[in-house]
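Printed here is final-v1.txt (compact mmCIF, C-alpha atoms):
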```
# COMPACT_ATOMS: atom_id res chain seq x y z
CA MET A 21 65.85 43.06 -60.64
CA HIS A 22 67.65 44.45 -63.67
CA VAL A 23 67.21 43.17 -67.22
CA HIS A 24 70.00 43.55 -69.78
CA THR A 25 69.56 42.64 -73.46
CA VAL A 26 72.97 41.06 -74.00
CA THR A 27 72.41 40.52 -77.73
CA ALA A 28 71.50 44.16 -78.42
CA ASP A 29 74.63 44.79 -80.52
CA ALA A 30 74.46 41.58 -82.55
CA GLU A 31 75.36 41.90 -86.22
CA THR A 32 73.75 38.60 -87.20
CA PHE A 33 70.23 37.27 -86.67
CA THR A 34 69.51 36.32 -83.08
CA CYS A 35 66.76 36.47 -80.53
CA ASN A 36 66.79 38.90 -77.66
CA ALA A 37 68.73 37.17 -74.88
CA TYR A 38 67.99 38.70 -71.49
CA LEU A 39 70.38 38.67 -68.54
CA VAL A 40 68.37 39.17 -65.37
CA THR A 41 70.51 40.10 -62.38
CA GLY A 42 69.39 39.95 -58.77
CA GLU A 43 69.16 37.31 -56.10
CA HIS A 44 69.17 34.58 -58.77
CA THR A 45 71.05 35.68 -61.90
CA VAL A 46 69.48 34.05 -64.94
CA LEU A 47 69.89 34.29 -68.69
CA VAL A 48 66.58 33.91 -70.52
CA ASP A 49 67.60 32.33 -73.85
CA ALA A 50 71.19 32.26 -75.03
CA GLY A 51 70.72 33.73 -78.47
CA ALA A 52 72.98 33.18 -81.46
CA MET A 53 75.53 35.98 -81.13
CA ASP A 54 79.23 35.24 -81.14
CA GLY A 55 80.79 36.50 -77.93
CA VAL A 56 77.57 36.79 -75.95
CA GLU A 57 79.35 35.21 -72.99
CA ASP A 58 81.75 38.18 -72.94
CA VAL A 59 78.83 40.61 -72.82
CA ILE A 60 77.32 38.64 -69.93
CA ALA A 61 80.65 38.86 -68.11
CA GLU A 62 80.48 42.67 -68.35
CA HIS A 63 77.43 42.57 -66.07
CA THR A 64 78.10 39.67 -63.72
CA ASP A 65 80.86 37.37 -62.52
CA SER A 66 78.51 34.44 -62.09
CA LEU A 67 75.42 32.99 -63.73
CA ASP A 68 73.06 30.77 -61.80
CA ALA A 69 71.01 29.45 -64.69
CA VAL A 70 69.95 29.67 -68.31
CA ALA A 71 66.20 29.31 -68.89
CA LEU A 72 65.12 28.50 -72.44
CA THR A 73 61.81 29.59 -73.91
CA HIS A 74 62.38 27.16 -76.80
CA GLN A 75 65.16 25.67 -78.84
CA HIS A 76 65.10 27.30 -82.26
CA GLY A 77 68.62 28.11 -83.38
CA ASP A 78 68.32 31.85 -82.88
CA HIS A 79 67.59 31.15 -79.19
CA VAL A 80 70.16 28.41 -78.44
CA ASP A 81 73.08 28.55 -80.88
CA ALA A 82 75.23 30.31 -78.27
CA LEU A 83 74.11 28.03 -75.41
CA ASP A 84 77.24 25.89 -75.39
CA ALA A 85 79.48 28.95 -75.29
CA VAL A 86 77.53 30.39 -72.35
CA LEU A 87 77.48 27.15 -70.38
CA ASP A 88 81.17 26.55 -71.09
CA ALA A 89 81.99 30.01 -69.75
CA PHE A 90 79.74 29.86 -66.68
CA ASP A 91 78.99 26.99 -64.31
CA ALA A 92 75.25 27.42 -64.72
CA ASP A 93 72.21 25.18 -64.66
CA CYS A 94 70.10 24.87 -67.80
CA TYR A 95 66.31 24.78 -67.56
CA ALA A 96 64.24 23.72 -70.56
CA PHE A 97 61.02 21.97 -71.50
CA GLY A 98 62.43 19.99 -74.42
CA ALA A 99 65.34 17.56 -74.32
CA HIS A 100 68.80 19.04 -74.85
CA PRO A 101 72.25 17.56 -74.12
CA ARG A 102 73.04 20.50 -71.81
CA ARG A 103 69.69 20.55 -69.99
CA SER A 104 70.14 19.96 -66.26
CA HIS A 105 66.55 20.64 -65.13
CA VAL A 106 63.26 19.82 -66.85
CA LEU A 107 60.66 22.58 -66.79
CA GLU A 108 57.03 21.49 -67.05
CA ASP A 109 53.91 23.59 -67.38
CA GLY A 110 53.14 25.17 -64.02
CA ASP A 111 56.66 24.82 -62.59
CA HIS A 112 58.17 27.84 -60.85
CA LEU A 113 61.65 29.24 -61.38
CA GLN A 114 63.30 32.19 -59.68
CA ILE A 115 64.56 34.74 -62.20
CA GLY A 116 66.27 37.73 -60.65
CA ASP A 117 64.31 38.59 -57.53
CA GLU A 118 60.95 37.14 -58.53
CA SER A 119 59.25 33.77 -58.87
CA PHE A 120 58.12 33.00 -62.41
CA GLU A 121 55.63 30.39 -63.54
CA ALA A 122 56.45 28.39 -66.67
CA VAL A 123 53.46 28.43 -69.03
CA TYR A 124 53.52 25.87 -71.84
CA THR A 125 52.78 27.81 -75.04
CA PRO A 126 53.35 25.69 -78.17
CA GLY A 127 52.34 26.61 -81.71
CA HIS A 128 55.45 28.45 -82.82
CA ALA A 129 57.58 25.67 -81.30
CA ASP A 130 56.41 22.45 -79.68
CA ASP A 131 58.67 22.99 -76.65
CA HIS A 132 57.78 26.66 -76.09
CA LEU A 133 57.48 28.17 -72.62
CA ALA A 134 56.67 31.68 -71.45
CA PHE A 135 57.71 32.86 -67.98
CA VAL A 136 55.24 34.93 -65.94
CA SER A 137 55.65 36.69 -62.58
CA ASP A 138 53.46 39.23 -60.80
CA SER A 139 55.21 42.05 -62.67
CA THR A 140 56.96 40.63 -65.73
CA LEU A 141 56.45 38.45 -68.80
CA PHE A 142 59.27 36.79 -70.72
CA SER A 143 57.20 35.74 -73.71
CA GLY A 144 59.77 34.21 -76.06
CA ASP A 145 58.15 34.09 -79.49
CA VAL A 146 54.56 33.25 -78.54
CA VAL A 147 53.77 36.99 -78.36
CA VAL A 148 55.98 39.96 -79.20
CA HIS A 149 55.31 43.67 -78.92
CA ASP A 150 56.56 44.61 -82.39
CA ASP A 151 58.27 42.96 -85.35
CA GLY A 152 58.40 43.30 -89.11
CA ALA A 153 54.76 42.27 -89.44
CA PHE A 154 52.90 44.19 -86.72
CA ASP A 155 53.46 46.84 -84.07
CA TYR A 156 51.82 46.60 -80.66
CA GLY A 157 50.87 42.95 -80.56
CA SER A 158 52.38 40.33 -82.84
CA PHE A 159 53.19 36.64 -82.51
CA GLY A 160 55.62 33.97 -83.63
CA ARG A 161 55.48 32.62 -87.16
CA THR A 162 53.46 29.46 -87.77
CA ASP A 163 54.16 28.68 -91.44
CA MET A 164 57.02 26.21 -90.98
CA PRO A 165 56.69 22.42 -90.64
CA GLY A 166 55.56 21.39 -87.17
CA GLN A 167 54.06 24.81 -86.40
CA SER A 168 50.36 25.50 -85.88
CA ARG A 169 48.44 28.77 -85.88
CA GLU A 170 45.50 27.06 -84.15
CA ARG A 171 47.71 25.78 -81.34
CA LEU A 172 49.37 29.18 -81.04
CA VAL A 173 45.95 30.80 -80.55
CA GLU A 174 45.20 28.31 -77.76
CA SER A 175 48.58 29.10 -76.19
CA ILE A 176 47.94 32.85 -76.20
CA GLU A 177 44.55 32.22 -74.61
CA ASP A 178 46.21 30.06 -71.93
CA LEU A 179 48.79 32.77 -71.34
CA LEU A 180 46.09 35.39 -70.86
CA ASP A 181 44.30 33.14 -68.36
CA ARG A 182 47.46 32.98 -66.26
CA LEU A 183 48.72 36.54 -66.76
CA PRO A 184 48.19 38.70 -63.67
CA ASP A 185 46.73 42.15 -64.31
CA SER A 186 49.74 43.52 -62.42
CA VAL A 187 52.20 42.56 -65.20
CA GLU A 188 53.70 45.77 -66.60
CA HIS A 189 56.95 44.58 -68.21
CA MET A 190 57.21 42.43 -71.33
CA TYR A 191 60.44 41.05 -72.75
CA ALA A 192 59.89 39.16 -75.99
CA GLY A 193 62.21 37.08 -78.14
CA HIS A 194 62.21 39.72 -80.88
CA GLY A 195 61.40 43.40 -81.17
CA ASP A 196 61.40 45.96 -78.41
CA GLU A 197 60.72 45.49 -74.73
CA PHE A 198 57.44 46.99 -73.54
CA HIS A 199 56.40 48.64 -70.29
CA GLY A 200 52.75 49.36 -69.68
CA ASP A 201 49.51 47.43 -70.18
CA VAL A 202 50.98 44.07 -71.16
CA ARG A 203 47.57 42.36 -71.14
CA ASP A 204 46.36 44.74 -73.86
CA VAL A 205 49.36 43.90 -76.05
CA VAL A 206 48.73 40.16 -75.63
CA GLU A 207 45.01 40.56 -76.32
CA THR A 208 45.84 42.52 -79.48
CA ALA A 209 48.15 39.73 -80.64
CA LEU A 210 45.44 37.16 -79.92
CA GLY A 211 42.90 39.08 -82.00
CA ARG A 212 45.26 39.20 -84.96
CA ALA A 213 46.17 35.53 -84.66
CA GLU A 214 42.50 34.51 -84.46
CA LYS A 215 41.69 36.44 -87.64
CA HIS A 216 44.57 34.75 -89.46
CA GLU A 217 45.87 38.18 -90.37
CA PRO A 218 48.91 37.66 -92.60
CA LYS A 219 52.19 37.15 -90.82
CA TYR A 220 54.30 34.77 -92.88
CA ASP A 221 51.56 32.34 -93.86
```
As structure tokens, the full file:
Amino acid sequence: MHVHTVTADAETFTCNAYLVTGEHTVLVDAGAMDGVEDVIAEHTDSLDAVALTHQHGDHVDALDAVLDAFDADCYAFGAHPRRSHVLEDGDHLQIGDESFEAVYTPGHADDHLAFVSDSTLFSGDVVVHDDGAFDYGSFGRTDMPGQSRERLVESIEDLLDRLPDSVEHMYAGHGDEFHGDVRDVVETALGRAEKHEPKYD
């Protein structure tokens, strides 16, 4: 299983969109970069699916362009005109060569999912390794309408309950990827979120 950050060279604000190649080639989030479909095509001729962590614009603005370029399924928790498969908490989806569990993790977004396998976490924005606020354990903003720091804390706790100790790779919606003790990064983010350490609110 190989993971490519296809939005790495974006010149405008976007999430990290991850192309995961392998037995089942999947794009985790589409991002908001013009031409992302061309970058995907540099790595693969076909795309089996797009799996959305949530539907904030920086994660889905390029979704139509990707789905128009590739005959791919679209998996999401929340309703979307291009969604072909509903993902619920506890559902499993093959990404690359591994089976991932969808973990419902609202707080930053009410439709937020994280994807967890025995080795890898695609965390979206519920937890990130580093961003402009914190290094080594941060979390999605909760100061906008419809967001909740309290619900985000519950979501991180739920994620920890379902995160195998064997997970060593973390790919978040923003910041750098991380390889190592992923549980420690998530626990650090939880501690900061519980203390209401300043992020954007």
Distance query segment 75-89 of chain A at most 6 Å, all atoms listed in the file, self and fewer than 3 positions along chain excluded, as a PyMOL selection string: chain A and resi 34-35+49-52+57
d(atom CA of Val147 of chain A, atom CA of Phe120 of chain A) in Å: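 That distance, rounded to one decimal, is 17.0 Å.
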Coordinates-based distance that separates atom CA of Ala30 of chain A from atom CA of Thr64 of chain A (Å, one decimal):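 Interatomic distance, atom CA of Thr64 of chain A to atom CA of Ala30 of chain A: 19.3 Å.
Among the candidates A:His22, A:His149, A:Arg169, A:His63, the residue lying nearest to Thr208 of chain A is A:His149 (atoms considered: only C-alpha atoms).
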Interatomic distance, atom CA of Leu179 of chain A to atom CA of Gly200 of chain A (Å, one decimal):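 A separation of 17.1 Å between them.
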Among listed residues A:Glu121, A:Asp145, A:Asp138, A:Val48, nearest Ser158 of chain A (using all atoms listed in the file): A:Asp145
